[in-house]
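**Student:** After the structure tokens below, expect a handful of questions from me.
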Amino acid sequence: ASGGELTVFAAASLTDAFKTIGEQFGAANGGATVTFNFGGSDQLATQITQGAPADVFASANAKQMGVVIKAGDIISGTQKTFVRNRLVVVYPKDNPGKLAALKDLANPGLKIVLANKSVPVGGYALDFLAKASKLPEYTATYSPTVLANVVSYEDNVKAVLSKIALGEADAGIVYATDAATVKDGAIGTLEIPDNLNSIASYPIAATKSAKNADLAQKFVAYVLGPEGQKVLAQYGFIPPAP
């Protein structure tokens, strides 16, 4: 098969996995070149609906995929969930906030960084806090108290992770896959149990205006297929539900 050029808009949390997939896909498709635009899914959806040239959109939630579908840039029903992810609390390695449990996020004076609520990971973080607040061991004051500790809201998950790794805040909430990319011990993690976690589902689809529609469909199929799924698993993502 001859090569070609493809532009893929993808959620920031997919950066490392998709770069690997892009290289493998190119090699398997006659040297095709895949150019990525990574960012918050809300920002990417806005760019696509405003006419930015994208052949494929991979979102970290259904809501932002829905924005693009509603605008007519992706045909409804062509999107497929290709992977899932879960949340984790991260803190700098020296643990300045002395975090030992999820309840500690409500401690006075703690500095927390979250993603904007319009960014999927930010919305999922708010869902976690709301779920916890309904449990007697956390009480209804948990979510508002934790949110009162937030010192900044970031544009994407990578920005949250960076601030924690640099020690600019005491805690943040990111995807488990992003936390796993920090290999130098710069962060610690607190697990969020499944009953409180929001398991993120990631949909992917080719756009209606894809310049190379055939190659775009091949890329989507590659991500959904065994080769793409193997790479995503290596980066800690969860397979889509059966």
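For the structure tokens, the naming scheme is as follows: chains receive sequential letters (A, B, ...) according to their order of presentation, residues are indexed from 1 within each chain, and ligands are indexed from 1 in presentation order.
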From the DSSP assignment of the backbone, select every residue of region 63-219 of chain A that is strand (DSSP E or B), and format the answer as an NGL selection string.

**Tutor:** :A and (80-85 or 87-92 or 112-115 or 150-154 or 171-175 or 187-191 or 200-206)

**Student:** Enumerate as an NGL selection string all residues of region 76-180 of chain A assigned to helix (DSSP H, G or I) by DSSP on the backbone, naming them with the chain letters and numbers the document uses.

**Tutor:** :A and (102-106 or 120-133 or 142-148 or 157-165 or 176-179)

**Student:** Find the spatial neighbours of Leu147 (chain A), counting only C-alpha atoms, within a cut-off of 10 Å - ignore same-chain residues fewer than 3 positions away - and output them as a PyMOL selection string.

**Tutor:** chain A and resi 105-106+111-114+126+129+142-144+150-151

**Student:** Write the residues of the preceding selection, restricted to N, CA, C and O atoms, as a PDB file, in the first residue's frame.

**Tutor:**
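selection-v5.pdb was written with the following content:
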ATOM      1  N   LEU A 105      -7.580  14.839  51.124  1.00  0.00           N
ATOM      2  CA  LEU A 105      -7.727  15.913  50.123  1.00  0.00           C
ATOM      3  C   LEU A 105      -8.531  17.086  50.681  1.00  0.00           C
ATOM      4  O   LEU A 105      -8.461  18.199  50.163  1.00  0.00           O
ATOM      5  N   ALA A 106      -9.291  16.823  51.753  1.00  0.00           N
ATOM      6  CA  ALA A 106     -10.109  17.875  52.363  1.00  0.00           C
ATOM      7  C   ALA A 106      -9.377  18.591  53.505  1.00  0.00           C
ATOM      8  O   ALA A 106      -9.950  19.481  54.138  1.00  0.00           O
ATOM      9  N   LYS A 111      -2.947  22.298  48.796  1.00  0.00           N
ATOM     10  CA  LYS A 111      -3.000  22.930  47.466  1.00  0.00           C
ATOM     11  C   LYS A 111      -3.218  21.844  46.408  1.00  0.00           C
ATOM     12  O   LYS A 111      -2.362  21.001  46.191  1.00  0.00           O
ATOM     13  N   ILE A 112      -4.389  21.915  45.771  1.00  0.00           N
ATOM     14  CA  ILE A 112      -4.776  20.901  44.787  1.00  0.00           C
ATOM     15  C   ILE A 112      -4.850  21.519  43.395  1.00  0.00           C
ATOM     16  O   ILE A 112      -5.277  22.659  43.230  1.00  0.00           O
ATOM     17  N   VAL A 113      -4.432  20.744  42.392  1.00  0.00           N
ATOM     18  CA  VAL A 113      -4.543  21.150  40.991  1.00  0.00           C
ATOM     19  C   VAL A 113      -5.441  20.139  40.268  1.00  0.00           C
ATOM     20  O   VAL A 113      -5.239  18.933  40.389  1.00  0.00           O
ATOM     21  N   LEU A 114      -6.435  20.650  39.549  1.00  0.00           N
ATOM     22  CA  LEU A 114      -7.310  19.807  38.736  1.00  0.00           C
ATOM     23  C   LEU A 114      -7.315  20.331  37.309  1.00  0.00           C
ATOM     24  O   LEU A 114      -6.903  21.458  37.043  1.00  0.00           O
ATOM     25  N   LEU A 126     -14.542  15.620  39.225  1.00  0.00           N
ATOM     26  CA  LEU A 126     -15.708  16.141  39.932  1.00  0.00           C
ATOM     27  C   LEU A 126     -16.715  15.030  40.228  1.00  0.00           C
ATOM     28  O   LEU A 126     -17.348  15.018  41.292  1.00  0.00           O
ATOM     29  N   LEU A 129     -15.521  13.164  43.325  1.00  0.00           N
ATOM     30  CA  LEU A 129     -15.789  13.907  44.559  1.00  0.00           C
ATOM     31  C   LEU A 129     -17.268  13.848  44.929  1.00  0.00           C
ATOM     32  O   LEU A 129     -17.640  13.704  46.108  1.00  0.00           O
ATOM     33  N   TYR A 142     -17.517  16.860  51.902  1.00  0.00           N
ATOM     34  CA  TYR A 142     -16.236  16.453  51.312  1.00  0.00           C
ATOM     35  C   TYR A 142     -15.926  17.179  50.008  1.00  0.00           C
ATOM     36  O   TYR A 142     -14.892  17.832  49.872  1.00  0.00           O
ATOM     37  N   SER A 143     -16.826  17.093  49.037  1.00  0.00           N
ATOM     38  CA  SER A 143     -16.569  17.695  47.727  1.00  0.00           C
ATOM     39  C   SER A 143     -16.344  19.206  47.812  1.00  0.00           C
ATOM     40  O   SER A 143     -15.321  19.705  47.308  1.00  0.00           O
ATOM     41  N   PRO A 144     -17.237  19.974  48.455  1.00  0.00           N
ATOM     42  CA  PRO A 144     -16.987  21.424  48.523  1.00  0.00           C
ATOM     43  C   PRO A 144     -15.709  21.786  49.271  1.00  0.00           C
ATOM     44  O   PRO A 144     -15.040  22.765  48.919  1.00  0.00           O
ATOM     45  N   VAL A 150      -8.609  23.836  45.777  1.00  0.00           N
ATOM     46  CA  VAL A 150      -8.056  23.890  44.408  1.00  0.00           C
ATOM     47  C   VAL A 150      -7.442  25.269  44.149  1.00  0.00           C
ATOM     48  O   VAL A 150      -8.120  26.293  44.300  1.00  0.00           O
ATOM     49  N   VAL A 151      -6.173  25.262  43.771  1.00  0.00           N
ATOM     50  CA  VAL A 151      -5.463  26.529  43.519  1.00  0.00           C
ATOM     51  C   VAL A 151      -5.374  26.859  42.035  1.00  0.00           C
ATOM     52  O   VAL A 151      -5.126  28.008  41.656  1.00  0.00           O
TER      53      VAL A 151
END

**Student:** Choose the residue, out of A:Ile192, A:Ile187, A:Ala45, A:Val182, that has the smallest atom-to-atom separation from Ala125 (chain A); count only C-alpha atoms.

**Tutor:**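 Going through A:Ile192, A:Ile187, A:Ala45, A:Val182 one by one, the smallest distance to Ala125 (chain A) is for A:Ile192.
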
**Student:** When distances are computed from only C-alpha atoms, which of A:Ser198, A:Gln229, A:Thr15, A:Thr189 shows the smallest separation from Val89 (chain A)?

**Tutor:**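 Of all the options, A:Thr189 lies closest to Val89 (chain A).
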
**Student:** I'd like the neighbourhood of region 58-70 of chain A as a PDB file with C-alpha atoms, in the first residue's frame, where a residue qualifies if any of its atoms comes within 7 Å (using only C-alpha atoms), though same-chain residues fewer than 6 positions away should be ignored.

**Tutor:**
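What landed in out_2.pdb:
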ATOM      1  CA  PHE A   9      -6.614  15.051  16.864  1.00  0.00           C
ATOM      2  CA  ALA A  10      -6.255  13.093  20.118  1.00  0.00           C
ATOM      3  CA  ALA A  11      -6.745  13.607  23.860  1.00  0.00           C
ATOM      4  CA  SER A  41     -10.666  16.996  24.229  1.00  0.00           C
ATOM      5  CA  ASP A  42     -12.839  20.085  24.652  1.00  0.00           C
ATOM      6  CA  ALA A  45     -13.590  19.470  19.570  1.00  0.00           C
ATOM      7  CA  THR A  49     -16.030  22.415  14.668  1.00  0.00           C
ATOM      8  CA  SER A  76     -23.318   9.735  14.319  1.00  0.00           C
ATOM      9  CA  PRO A 120     -12.795  15.063  30.417  1.00  0.00           C
ATOM     10  CA  ALA A 200     -13.254   6.945  31.301  1.00  0.00           C
ATOM     11  CA  SER A 201     -14.366   5.652  27.888  1.00  0.00           C
ATOM     12  CA  TYR A 202     -12.520   6.953  24.809  1.00  0.00           C
ATOM     13  CA  PRO A 203     -14.350   7.070  21.441  1.00  0.00           C
ATOM     14  CA  ILE A 204     -12.634   7.407  18.052  1.00  0.00           C
ATOM     15  CA  ALA A 205     -13.973   8.214  14.571  1.00  0.00           C
TER      16      ALA A 205
END

**Student:** Could you jot down the CA of Gly228 (chain A) to CA of Ala210 (chain A) separation for me, Å, one decimal place?

**Tutor:**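 Between CA of Gly228 (chain A) and CA of Ala210 (chain A) the gap works out to 20.7 Å.
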
**Student:** Tell me, as a PyMOL selection string, which residues lie within 10 Å of Thr141 (chain A), counting only C-alpha atoms; anything in the same chain fewer than 6 positions away does not count.

**Tutor:** chain A and resi 106+130+132-134

**Student:** I need the chosen residues saved as a short mmCIF file (atom, residue, chain, number, x, y, z; two decimals), in the first residue's frame, with all heavy atoms.

**Tutor:**
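Now in result07.cif:
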data_model
loop_
_atom_site.label_atom_id
_atom_site.label_comp_id
_atom_site.auth_asym_id
_atom_site.auth_seq_id
_atom_site.Cartn_x
_atom_site.Cartn_y
_atom_site.Cartn_z
N ALA A 106 -9.29 16.82 51.75
CA ALA A 106 -10.11 17.87 52.36
C ALA A 106 -9.38 18.59 53.50
O ALA A 106 -9.95 19.48 54.14
CB ALA A 106 -11.41 17.28 52.88
N ALA A 130 -18.13 13.93 43.91
CA ALA A 130 -19.58 13.87 44.16
C ALA A 130 -19.99 12.49 44.69
O ALA A 130 -20.82 12.39 45.61
CB ALA A 130 -20.34 14.18 42.87
N ALA A 132 -18.07 10.38 46.36
CA ALA A 132 -17.55 10.24 47.72
C ALA A 132 -18.43 10.98 48.72
O ALA A 132 -18.68 10.49 49.84
CB ALA A 132 -16.12 10.75 47.78
N SER A 133 -18.93 12.15 48.32
CA SER A 133 -19.74 12.97 49.22
C SER A 133 -21.07 12.32 49.60
O SER A 133 -21.71 12.72 50.58
CB SER A 133 -20.00 14.34 48.59
OG SER A 133 -18.82 15.12 48.59
N LYS A 134 -21.48 11.32 48.84
CA LYS A 134 -22.73 10.62 49.14
C LYS A 134 -22.54 9.48 50.14
O LYS A 134 -23.51 8.89 50.60
CB LYS A 134 -23.35 10.08 47.85
CG LYS A 134 -23.85 11.17 46.92
CD LYS A 134 -24.37 10.59 45.62
CE LYS A 134 -24.84 11.70 44.68
NZ LYS A 134 -25.24 11.18 43.35
#

**Student:** To one decimal place, how far is CA of Lys117 (chain A) from CA of Gly40 (chain A) in Å?

**Tutor:** 10.8 Å

**Student:** If you take only C-alpha atoms and a cut-off of 12 Å, which residues of region 73-134 of chain A touch region 161-170 of chain A, and what are their nearest atom pairs and distances in Å to one decimal, in chain and number order, as JSON lines?

**Tutor:**
{"residue": "A:Val88", "atom": "CA", "partner": "A:Leu161", "partner_atom": "CA", "distance": 10.9}
{"residue": "A:Val89", "atom": "CA", "partner": "A:Leu161", "partner_atom": "CA", "distance": 10.0}
{"residue": "A:Val90", "atom": "CA", "partner": "A:Ile164", "partner_atom": "CA", "distance": 7.1}
{"residue": "A:Tyr91", "atom": "CA", "partner": "A:Asp170", "partner_atom": "CA", "distance": 5.6}
{"residue": "A:Pro92", "atom": "CA", "partner": "A:Gly167", "partner_atom": "CA", "distance": 5.4}
{"residue": "A:Lys93", "atom": "CA", "partner": "A:Ala165", "partner_atom": "CA", "distance": 7.8}
{"residue": "A:Asp94", "atom": "CA", "partner": "A:Gly167", "partner_atom": "CA", "distance": 8.6}
{"residue": "A:Asn95", "atom": "CA", "partner": "A:Asp170", "partner_atom": "CA", "distance": 6.9}
{"residue": "A:Pro96", "atom": "CA", "partner": "A:Asp170", "partner_atom": "CA", "distance": 6.1}
{"residue": "A:Gly97", "atom": "CA", "partner": "A:Asp170", "partner_atom": "CA", "distance": 5.3}
{"residue": "A:Lys98", "atom": "CA", "partner": "A:Asp170", "partner_atom": "CA", "distance": 8.5}
{"residue": "A:Leu99", "atom": "CA", "partner": "A:Asp170", "partner_atom": "CA", "distance": 8.5}
{"residue": "A:Asp104", "atom": "CA", "partner": "A:Asp170", "partner_atom": "CA", "distance": 10.9}
{"residue": "A:Leu105", "atom": "CA", "partner": "A:Asp170", "partner_atom": "CA", "distance": 9.2}
{"residue": "A:Ala106", "atom": "CA", "partner": "A:Asp170", "partner_atom": "CA", "distance": 11.8}
{"residue": "A:Asn107", "atom": "CA", "partner": "A:Asp170", "partner_atom": "CA", "distance": 11.0}
{"residue": "A:Pro108", "atom": "CA", "partner": "A:Asp170", "partner_atom": "CA", "distance": 11.8}
{"residue": "A:Gly109", "atom": "CA", "partner": "A:Asp170", "partner_atom": "CA", "distance": 9.7}
{"residue": "A:Leu110", "atom": "CA", "partner": "A:Asp170", "partner_atom": "CA", "distance": 6.3}
{"residue": "A:Lys111", "atom": "CA", "partner": "A:Asp170", "partner_atom": "CA", "distance": 5.1}
{"residue": "A:Ile112", "atom": "CA", "partner": "A:Asp170", "partner_atom": "CA", "distance": 5.8}
{"residue": "A:Val113", "atom": "CA", "partner": "A:Ala169", "partner_atom": "CA", "distance": 6.6}
{"residue": "A:Leu114", "atom": "CA", "partner": "A:Leu161", "partner_atom": "CA", "distance": 9.3}
{"residue": "A:Ala115", "atom": "CA", "partner": "A:Leu161", "partner_atom": "CA", "distance": 9.8}
{"residue": "A:Val121", "atom": "CA", "partner": "A:Leu161", "partner_atom": "CA", "distance": 11.6}
